[in-house]
Amino acid sequence: MRGKLTSPSTVTRPLKPIGDLLRRLFRGSNRGPAKKADPLSHDGLDSERRLSFMLESVPVNLWSTDAQLNITSSQGAGLNLIGTSANDQVGMTLYEVLKTRDPGFTPLAAHLRALQGELVRYETDWRGRSFETRVEPTRGADGRISGTVGIAIDVTDRKSLYGALQTQNVYFAALFESAPEAIAILDEHDHIIRVNGQFTNMFGYTDDEAASRNINDLIVPEGLVQEGENLTARVAAGEKVTVETLRRHKDGHSFWVSISATPFGVGDQPGRVYAMYHDISALKRAEDELKALLLVDELTGLPNRRAFITLSEQALKLAMRMERDVLMIFIDVDHLKYINDTYGHLAGDRALIDTARVLRESCREADIIARLGGDEFVALLTVDSAQTAELVCERIKSRVAAHNTEVDRPFELSLSVGATRSKAEGTSLTSWRRPTWPSTSKSGGADGLKQHRDSTRRGNSRIGEERQRSLIARESLARRHTRCVLRCCPTGW
């Protein structure tokens, strides 16, 4: 058993002595013949009943000794937890129970001090359990100290829970400090409560320098103060916000960051904000370099194949560092040859431009969308949700339907979409392959019918005008039923 005495100076508000009440309880079995009830003693009896109930139901041990430290009573449900029962130790000395006469031994020292008139508190471990203990003197009718009384509360479960919470706090603190993102925790007034090491690396401010500073005053460039205040106001209103913008380093230079800010609450405390910052300067520089090199498809304004390769390599590195998955989406424009042959190449160009617009509206600003050539488009997304593929495909389908309703064209836009997902680590562009479309998507529909019509004309010169009109009618019907063909396979092809 080990223990730790609490200094008397730390006991700033001594509890009301419980000796008299305990003494009445301990001596209850030795009372003489019953006396006529005194109405004034009702409150005292009621207190004794409550204490008896506590002793029987709460893991508490109560004991008393005389002035020679002979145990005169021992009760409490907590005795069962240490392998004994009520009054088993009555008649033994405290020295025999503790198996020592060392006055420096914490429990013995506490009782010796109590015999000197002190109220003593200490913590101790006994037979595998932990207790918070209080020992105080008892006094006779003449006011002299006649013994001691003690109470020990079993706090084993509470200490275990506290230890688990402490361990959890250590884990969260380690995750907070080792996170690859710069993180700042803000109070309800946008003042910084705490920042992690990556925040110091990114912005140059230590935790002490940033503490209690307004986040907008600290890192928002002068020209973007209003934007920063609008952003924090949106988060304070309960909105989760993700934006790309400029922020300022301690030395004054500005750089591009991606910000993800989330409101959260801690009990009854005012709302707080968890803000993460990721430096995307390299990605922005890559975008500028691509523009400078004119790596853009002239017709659609999207990056071309060469630009896509450069941007994707940078995006894969970023996704790998963030431990995110990547989603490659392949998009083909259906029946482009038929549109070119029937309505002219200008109409085909419009179909490609419309496709680029639909894809921009369906994807996020940070996603990489490119035209690889001809009727082939591709998009690369960094994802963290198993449902991302279905969601993107559904957005594309919805936007195509809206486009065909809103835009007056002699043809309806139809796309074939496939998706494949993989871990960013170990992935290269060469490891992806385009899906093989079912025959109905690329050879069927109006284009397939057009090819069939041409081959029929070449193979049979005797086909009449009635037969040709029938084929044209079938082509028109096919166009009406190929509005948006989506084949999305988020787990790979």
# chains A, B, ... in the order shown; residues from 1 in each chain; ligands from 1

$ residues_around --residues "Arg101 of chain A" --least-positions-apart "6" --cutoff "12 Å" --atoms "only C-alpha atoms" --output "ChimeraX atom specification"
/A:69,93-95,107-109,111-112

$ closest_atom_pairs --of "segment 349-414 of chain A" --to "segment 279-303 of chain A" --cutoff "7 Å" --atoms "only C-alpha atoms" --output "tab-separated table"
residue	atom	partner	partner_atom	distance
A:Leu352	CA	A:Thr300	CA	6.9
A:Ile353	CA	A:Thr300	CA	5.1
A:Ala356	CA	A:Thr300	CA	6.0
A:Ile369	CA	A:Leu302	CA	6.7
A:Ala370	CA	A:Pro303	CA	4.8
A:Arg371	CA	A:Leu302	CA	6.3

$ select_by_dssp --residues "segment 68-114 of chain A" --states "helix (DSSP H, G or I)" --output "ChimeraX atom specification"
/A:77-82,94-98,106-114

$ closest_residue --among "A:Leu381, A:Phe172, A:Pro263, A:Ala366" --to "Glu244 of chain A" --atoms "only C-alpha atoms"
A:Ala366

$ closest_atom_pairs --of "segment 228-338 of chain A" --to "segment 407-423 of chain A" --cutoff "7 Å" --atoms "only C-alpha atoms" --output "Markdown table"
| residue | atom | partner | partner_atom | distance |
| --- | --- | --- | --- | --- |
| A:Arg324 | CA | A:Lys423 | CA | 6.9 |
| A:Asp325 | CA | A:Lys423 | CA | 4.5 |
| A:Val326 | CA | A:Ser422 | CA | 5.7 |
| A:Leu327 | CA | A:Arg421 | CA | 4.5 |
| A:Met328 | CA | A:Thr420 | CA | 5.4 |
| A:Ile329 | CA | A:Ala419 | CA | 4.3 |
| A:Phe330 | CA | A:Gly418 | CA | 5.2 |
| A:Ile331 | CA | A:Val417 | CA | 4.6 |
| A:Asp332 | CA | A:Ser416 | CA | 5.2 |
| A:Val333 | CA | A:Leu415 | CA | 4.8 |
| A:Asp334 | CA | A:Ser414 | CA | 5.4 |

$ residues_around --residues "segment 177-182 of chain A" --least-positions-apart "2" --cutoff "8 Å" --atoms "only C-alpha atoms" --output "MDAnalysis selection string"
chainID A and resid 173:175 184 195:200 202 276:278 321:322

$ closest_atom_pairs --of "segment 242-277 of chain A" --to "segment 189-194 of chain A" --cutoff "10 Å" --atoms "only C-alpha atoms" --output "JSON lines"
{"residue": "A:Pro270", "atom": "CA", "partner": "A:His189", "partner_atom": "CA", "distance": 9.6}
{"residue": "A:Gly271", "atom": "CA", "partner": "A:His189", "partner_atom": "CA", "distance": 9.3}
{"residue": "A:Arg272", "atom": "CA", "partner": "A:Asp190", "partner_atom": "CA", "distance": 8.3}
{"residue": "A:Val273", "atom": "CA", "partner": "A:Asp190", "partner_atom": "CA", "distance": 7.9}
{"residue": "A:Tyr274", "atom": "CA", "partner": "A:Arg194", "partner_atom": "CA", "distance": 10.0}

$ select_by_dssp --residues "segment 28-262 of chain A" --states "strand (DSSP E)" --output "NGL selection string"
:A and (60-66 or 71-75 or 120-126 or 129-139 or 145-154 or 182-186 or 192-195 or 241-248 or 254-262)

$ residues_around --residues "Ala261 of chain A" --least-positions-apart "6" --cutoff "10 Å" --atoms "only C-alpha atoms" --output "VMD selection string"
chain A and resid 183 to 185 231 to 232 234 to 236 239 to 243 273 to 277

$ write_last_selection --atoms "C-alpha atoms" --output "compact mmCIF listing (two decimals), in the first residue's frame"
# COMPACT_ATOMS: atom_id res chain seq x y z
CA ILE A 183 -4.35 24.29 -37.74
CA ALA A 184 -5.71 27.15 -35.65
CA ILE A 185 -8.45 26.87 -33.02
CA LEU A 231 -15.48 34.13 -44.06
CA THR A 232 -15.36 34.08 -40.25
CA ARG A 234 -20.14 32.52 -42.26
CA VAL A 235 -18.42 29.99 -40.01
CA ALA A 236 -19.81 31.69 -36.89
CA GLU A 239 -21.49 27.03 -42.03
CA LYS A 240 -18.58 24.76 -42.92
CA VAL A 241 -16.46 26.74 -45.37
CA THR A 242 -13.77 25.70 -47.86
CA VAL A 243 -12.09 28.41 -49.95
CA VAL A 273 -13.77 27.25 -34.95
CA TYR A 274 -11.34 24.60 -36.20
CA ALA A 275 -9.48 26.10 -39.17
CA MET A 276 -7.07 24.16 -41.39
CA TYR A 277 -4.72 25.78 -43.92

$ atom_distance --atom1 "atom CA of Gln226 of chain A" --atom2 "atom CA of Asp208 of chain A"
26.1 Å
